[in-house]
Structures are given as C-alpha cells and as structure tokens.
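Q: I have a structure I would like to understand better, so I am pasting it below and will then ask my questions one at a time.
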Amino acid sequence: MQHAGEEIDEILSRAGKIHYGTVEYKMTKANPLMQIPLGLTFAPKQVIATLRQTGAPTPYQNYCTHVYVSGTSYYLSVCMGAGATGTVPTGTYYVDYIAIE
C-alpha cells in the first residue's frame, strides 16, 4: 500500500502544479444548455470536472458534460444526457474540478 502511495506521489510531482476546487452555480431558469464558468486564471494542460447536486433528483436524471474554452475562460457545459430531450432544470449545481498547469 505504501509503495502504491509513493508511485502516486511521484506521478503527481511530474504532472506540474495541480489546482483543484469547487464552483457553486445557481441555475435560476431552465435552459437546454447550462454553461458554468470555472474561474481558472491560467491555461491548464488538462481539466477534469464532475457535476453534482445536493439531494437526489426525482426522477433520476442523466447529464452530459464537456469542458471547453472560450477566449481565455474555461467552462463546464451541461445538457441533458443519454438521448434525453428537454432542459436542464433549475437548482444549485456544484462543479468539482482538478486542473493541471
């Protein structure tokens, strides 16, 4: 177990500077596409982002997410997933991200 942890530490040290955080976004009007600004102040080599909500949606919903850049700003784009039609419902969403500089 310790050996595996040392390998992970070595990989992370070679990866460069790692930034992480959580962005809270309140969707006040249902829309087919939600664009959440990540607020990154640098151009990352890689961004990993996950979307979450508090509580359990009823009914269960699938979302499609994609990180994209516009100018110098990075966003998480969210739409309804798995062939669903309709709009992203209102509510408070959270994006947890890891960005490698």
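Here, A, B, ... name the chains of the structure tokens in the order displayed, residue numbers run from 1 inside each chain, and ligands are numbered from 1 in the same displayed order.
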Give me the residues near Pro32 in chain A as a VMD selection string, where near means some atom within 9 Å (using only C-alpha atoms) and where sequence neighbours in that chain fewer than 6 positions away do not count.

A: chain A and resid 78 to 80 85 to 89

Q: Mind writing the picked residues with N, CA and C atoms as a tab-separated table (two decimals), in the first residue's frame?

A:
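Dumped to selection27.tsv:
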```tsv
chain	number	residue	atom	x	y	z
A	78	VAL	N	-23.21	21.85	-19.76
A	78	VAL	CA	-24.07	20.79	-19.24
A	78	VAL	C	-25.37	20.77	-20.04
A	79	CYS	N	-25.76	19.58	-20.49
A	79	CYS	CA	-27.06	19.40	-21.13
A	79	CYS	C	-27.63	18.07	-20.63
A	80	MET	N	-28.86	17.80	-21.00
A	80	MET	CA	-29.47	16.54	-20.59
A	80	MET	C	-28.81	15.40	-21.38
A	85	THR	N	-34.35	14.60	-24.04
A	85	THR	CA	-34.66	15.91	-24.59
A	85	THR	C	-35.15	16.78	-23.45
A	86	GLY	N	-35.17	18.06	-23.67
A	86	GLY	CA	-35.67	18.94	-22.64
A	86	GLY	C	-34.60	19.87	-22.13
A	87	THR	N	-34.83	20.40	-20.97
A	87	THR	CA	-33.96	21.42	-20.44
A	87	THR	C	-33.31	20.97	-19.13
A	88	VAL	N	-32.20	21.60	-18.84
A	88	VAL	CA	-31.53	21.38	-17.56
A	88	VAL	C	-32.37	22.10	-16.51
A	89	PRO	N	-32.84	21.40	-15.49
A	89	PRO	CA	-33.73	22.03	-14.51
A	89	PRO	C	-33.02	23.06	-13.63
```

Q: Quick one: residues within 8 Å of Met27 in chain A, only C-alpha atoms counted, chain neighbours fewer than 3 positions away excluded, as a list of chain:residue names?

A: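 The contact residues come out as A:Ala30, A:Met34, A:Pro89, A:Thr90, A:Gly91, A:Thr92, A:Tyr93.
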
Q: Keeping only all heavy atoms, write those residues as a PDB file, in the first residue's frame.

A:
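File again_38.pdb, as written:
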```pdb
ATOM      1  N   ALA A  30     -34.723  27.301 -16.281  1.00  0.00           N
ATOM      2  CA  ALA A  30     -34.437  26.081 -17.028  1.00  0.00           C
ATOM      3  C   ALA A  30     -33.998  26.442 -18.451  1.00  0.00           C
ATOM      4  O   ALA A  30     -34.540  27.362 -19.058  1.00  0.00           O
ATOM      5  CB  ALA A  30     -35.663  25.176 -17.066  1.00  0.00           C
ATOM      6  N   MET A  34     -26.561  24.573 -20.004  1.00  0.00           N
ATOM      7  CA  MET A  34     -26.052  25.324 -18.857  1.00  0.00           C
ATOM      8  C   MET A  34     -24.548  25.455 -19.037  1.00  0.00           C
ATOM      9  O   MET A  34     -23.869  24.465 -19.320  1.00  0.00           O
ATOM     10  CB  MET A  34     -26.383  24.577 -17.558  1.00  0.00           C
ATOM     11  CG  MET A  34     -25.860  25.234 -16.311  1.00  0.00           C
ATOM     12  SD  MET A  34     -26.508  24.517 -14.756  1.00  0.00           S
ATOM     13  CE  MET A  34     -26.071  22.798 -14.876  1.00  0.00           C
ATOM     14  N   PRO A  89     -32.839  21.402 -15.492  1.00  0.00           N
ATOM     15  CA  PRO A  89     -33.725  22.028 -14.511  1.00  0.00           C
ATOM     16  C   PRO A  89     -33.020  23.058 -13.629  1.00  0.00           C
ATOM     17  O   PRO A  89     -31.802  23.040 -13.481  1.00  0.00           O
ATOM     18  CB  PRO A  89     -34.237  20.856 -13.679  1.00  0.00           C
ATOM     19  CG  PRO A  89     -33.335  19.727 -13.948  1.00  0.00           C
ATOM     20  CD  PRO A  89     -32.644  19.984 -15.242  1.00  0.00           C
ATOM     21  N   THR A  90     -33.836  23.942 -13.056  1.00  0.00           N
ATOM     22  CA  THR A  90     -33.291  24.928 -12.131  1.00  0.00           C
ATOM     23  C   THR A  90     -32.771  24.233 -10.879  1.00  0.00           C
ATOM     24  O   THR A  90     -33.132  23.096 -10.590  1.00  0.00           O
ATOM     25  CB  THR A  90     -34.375  25.949 -11.739  1.00  0.00           C
ATOM     26  OG1 THR A  90     -35.442  25.255 -11.088  1.00  0.00           O
ATOM     27  CG2 THR A  90     -34.902  26.702 -12.938  1.00  0.00           C
ATOM     28  N   GLY A  91     -31.935  24.933 -10.152  1.00  0.00           N
ATOM     29  CA  GLY A  91     -31.394  24.388  -8.914  1.00  0.00           C
ATOM     30  C   GLY A  91     -29.964  24.825  -8.711  1.00  0.00           C
ATOM     31  O   GLY A  91     -29.398  25.571  -9.515  1.00  0.00           O
ATOM     32  N   THR A  92     -29.370  24.340  -7.643  1.00  0.00           N
ATOM     33  CA  THR A  92     -27.976  24.645  -7.338  1.00  0.00           C
ATOM     34  C   THR A  92     -27.127  23.445  -7.735  1.00  0.00           C
ATOM     35  O   THR A  92     -27.399  22.316  -7.337  1.00  0.00           O
ATOM     36  CB  THR A  92     -27.793  24.947  -5.842  1.00  0.00           C
ATOM     37  OG1 THR A  92     -28.638  26.056  -5.499  1.00  0.00           O
ATOM     38  CG2 THR A  92     -26.352  25.302  -5.529  1.00  0.00           C
ATOM     39  N   TYR A  93     -26.109  23.718  -8.538  1.00  0.00           N
ATOM     40  CA  TYR A  93     -25.198  22.691  -9.027  1.00  0.00           C
ATOM     41  C   TYR A  93     -23.792  23.003  -8.522  1.00  0.00           C
ATOM     42  O   TYR A  93     -23.448  24.152  -8.283  1.00  0.00           O
ATOM     43  CB  TYR A  93     -25.185  22.667 -10.563  1.00  0.00           C
ATOM     44  CG  TYR A  93     -26.501  22.255 -11.165  1.00  0.00           C
ATOM     45  CD1 TYR A  93     -27.519  23.179 -11.361  1.00  0.00           C
ATOM     46  CD2 TYR A  93     -26.724  20.941 -11.532  1.00  0.00           C
ATOM     47  CE1 TYR A  93     -28.733  22.802 -11.912  1.00  0.00           C
ATOM     48  CE2 TYR A  93     -27.936  20.554 -12.096  1.00  0.00           C
ATOM     49  CZ  TYR A  93     -28.929  21.483 -12.269  1.00  0.00           C
ATOM     50  OH  TYR A  93     -30.121  21.104 -12.816  1.00  0.00           O
TER      51      TYR A  93
END
```

Q: Pick out the residues sitting within 9 Å of Ile100 in chain A, and hand them over as a ChimeraX atom specification; count only C-alpha atoms, and ignore anything fewer than 6 positions along from it in its own chain.

A: /A:15-20,43-48

Q: Contacts of Tyr94 in chain A at 12 Å or less, counting only C-alpha atoms, minus same-chain residues fewer than 5 places along, as a ChimeraX atom specification?

A: /A:21-27,36-38,49-55,76,78

Q: Keeping N, CA, C and O atoms, export the residues of the selection given above as an mmCIF file, in the first residue's frame.

A:
```cif
data_model
loop_
_atom_site.group_PDB
_atom_site.id
_atom_site.type_symbol
_atom_site.label_atom_id
_atom_site.label_comp_id
_atom_site.auth_asym_id
_atom_site.auth_seq_id
_atom_site.Cartn_x
_atom_site.Cartn_y
_atom_site.Cartn_z
ATOM 1 N N GLY A 21 -10.715 22.614 -6.920
ATOM 2 C CA GLY A 21 -11.690 23.437 -6.231
ATOM 3 C C GLY A 21 -13.106 23.039 -6.567
ATOM 4 O O GLY A 21 -13.351 22.079 -7.300
ATOM 5 N N THR A 22 -14.037 23.812 -6.050
ATOM 6 C CA THR A 22 -15.461 23.594 -6.274
ATOM 7 C C THR A 22 -16.087 24.921 -6.665
ATOM 8 O O THR A 22 -15.804 25.948 -6.046
ATOM 9 N N VAL A 23 -16.903 24.889 -7.697
ATOM 10 C CA VAL A 23 -17.644 26.066 -8.138
ATOM 11 C C VAL A 23 -19.121 25.804 -7.874
ATOM 12 O O VAL A 23 -19.649 24.760 -8.256
ATOM 13 N N GLU A 24 -19.777 26.737 -7.204
ATOM 14 C CA GLU A 24 -21.227 26.642 -6.977
ATOM 15 C C GLU A 24 -21.928 27.483 -8.039
ATOM 16 O O GLU A 24 -21.527 28.610 -8.308
ATOM 17 N N TYR A 25 -22.967 26.912 -8.652
ATOM 18 C CA TYR A 25 -23.685 27.614 -9.719
ATOM 19 C C TYR A 25 -25.183 27.449 -9.504
ATOM 20 O O TYR A 25 -25.669 26.326 -9.376
ATOM 21 N N LYS A 26 -25.898 28.570 -9.469
ATOM 22 C CA LYS A 26 -27.356 28.526 -9.299
ATOM 23 C C LYS A 26 -28.024 28.747 -10.649
ATOM 24 O O LYS A 26 -27.866 29.807 -11.248
ATOM 25 N N MET A 27 -28.741 27.740 -11.103
ATOM 26 C CA MET A 27 -29.492 27.811 -12.363
ATOM 27 C C MET A 27 -30.887 28.326 -12.009
ATOM 28 O O MET A 27 -31.661 27.625 -11.353
ATOM 29 N N ILE A 36 -21.233 26.701 -17.038
ATOM 30 C CA ILE A 36 -20.729 27.078 -15.717
ATOM 31 C C ILE A 36 -19.281 27.538 -15.850
ATOM 32 O O ILE A 36 -18.412 26.752 -16.243
ATOM 33 N N PRO A 37 -18.993 28.813 -15.545
ATOM 34 C CA PRO A 37 -17.602 29.283 -15.595
ATOM 35 C C PRO A 37 -16.774 28.659 -14.473
ATOM 36 O O PRO A 37 -17.215 28.614 -13.326
ATOM 37 N N LEU A 38 -15.580 28.151 -14.821
ATOM 38 C CA LEU A 38 -14.728 27.508 -13.824
ATOM 39 C C LEU A 38 -13.828 28.498 -13.105
ATOM 40 O O LEU A 38 -13.281 28.187 -12.045
ATOM 41 N N ALA A 49 -13.462 17.543 -14.578
ATOM 42 C CA ALA A 49 -14.550 18.182 -13.840
ATOM 43 C C ALA A 49 -15.711 17.205 -13.667
ATOM 44 O O ALA A 49 -16.007 16.419 -14.565
ATOM 45 N N THR A 50 -16.352 17.276 -12.517
ATOM 46 C CA THR A 50 -17.542 16.472 -12.249
ATOM 47 C C THR A 50 -18.666 17.386 -11.798
ATOM 48 O O THR A 50 -18.421 18.425 -11.180
ATOM 49 N N LEU A 51 -19.882 16.995 -12.111
ATOM 50 C CA LEU A 51 -21.069 17.774 -11.760
ATOM 51 C C LEU A 51 -21.818 17.051 -10.649
ATOM 52 O O LEU A 51 -21.971 15.830 -10.689
ATOM 53 N N ARG A 52 -22.304 17.811 -9.673
ATOM 54 C CA ARG A 52 -23.103 17.197 -8.616
ATOM 55 C C ARG A 52 -24.163 18.175 -8.134
ATOM 56 O O ARG A 52 -24.077 19.372 -8.368
ATOM 57 N N GLN A 53 -25.157 17.624 -7.477
ATOM 58 C CA GLN A 53 -26.223 18.386 -6.843
ATOM 59 C C GLN A 53 -26.395 17.874 -5.428
ATOM 60 O O GLN A 53 -26.031 16.740 -5.124
ATOM 61 N N THR A 54 -26.987 18.706 -4.564
ATOM 62 C CA THR A 54 -27.311 18.211 -3.238
ATOM 63 C C THR A 54 -28.657 17.503 -3.325
ATOM 64 O O THR A 54 -29.518 17.888 -4.116
ATOM 65 N N GLY A 55 -28.823 16.473 -2.561
ATOM 66 C CA GLY A 55 -30.067 15.705 -2.596
ATOM 67 C C GLY A 55 -30.133 14.813 -3.828
ATOM 68 O O GLY A 55 -29.250 14.822 -4.669
ATOM 69 N N LEU A 76 -17.718 24.571 -17.922
ATOM 70 C CA LEU A 76 -18.292 23.236 -17.990
ATOM 71 C C LEU A 76 -19.659 23.408 -18.636
ATOM 72 O O LEU A 76 -20.530 24.107 -18.109
ATOM 73 N N VAL A 78 -23.206 21.850 -19.756
ATOM 74 C CA VAL A 78 -24.066 20.788 -19.245
ATOM 75 C C VAL A 78 -25.365 20.767 -20.038
ATOM 76 O O VAL A 78 -25.992 21.803 -20.253
#
```

Q: Go ahead and compute the interatomic distance for CA of Thr28 in chain A and CA of Val69 in chain A, in Å to one decimal.

A: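 CA of Val69 in chain A lies 23.3 Å from CA of Thr28 in chain A.
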
Q: Identify all residues of chain A in strand (DSSP E) (DSSP on the backbone) and supply them as number ranges by chain.

A: A: 18-27, 34-37, 46-53, 63-70, 73-80, 91-100

Q: Have a look at A:Phe42, A:Val95, A:Ile11, A:Ala56 and name the one nearest to Gly71 in chain A; count only C-alpha atoms.

A: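 Smallest separation from Gly71 in chain A among the options: A:Phe42.
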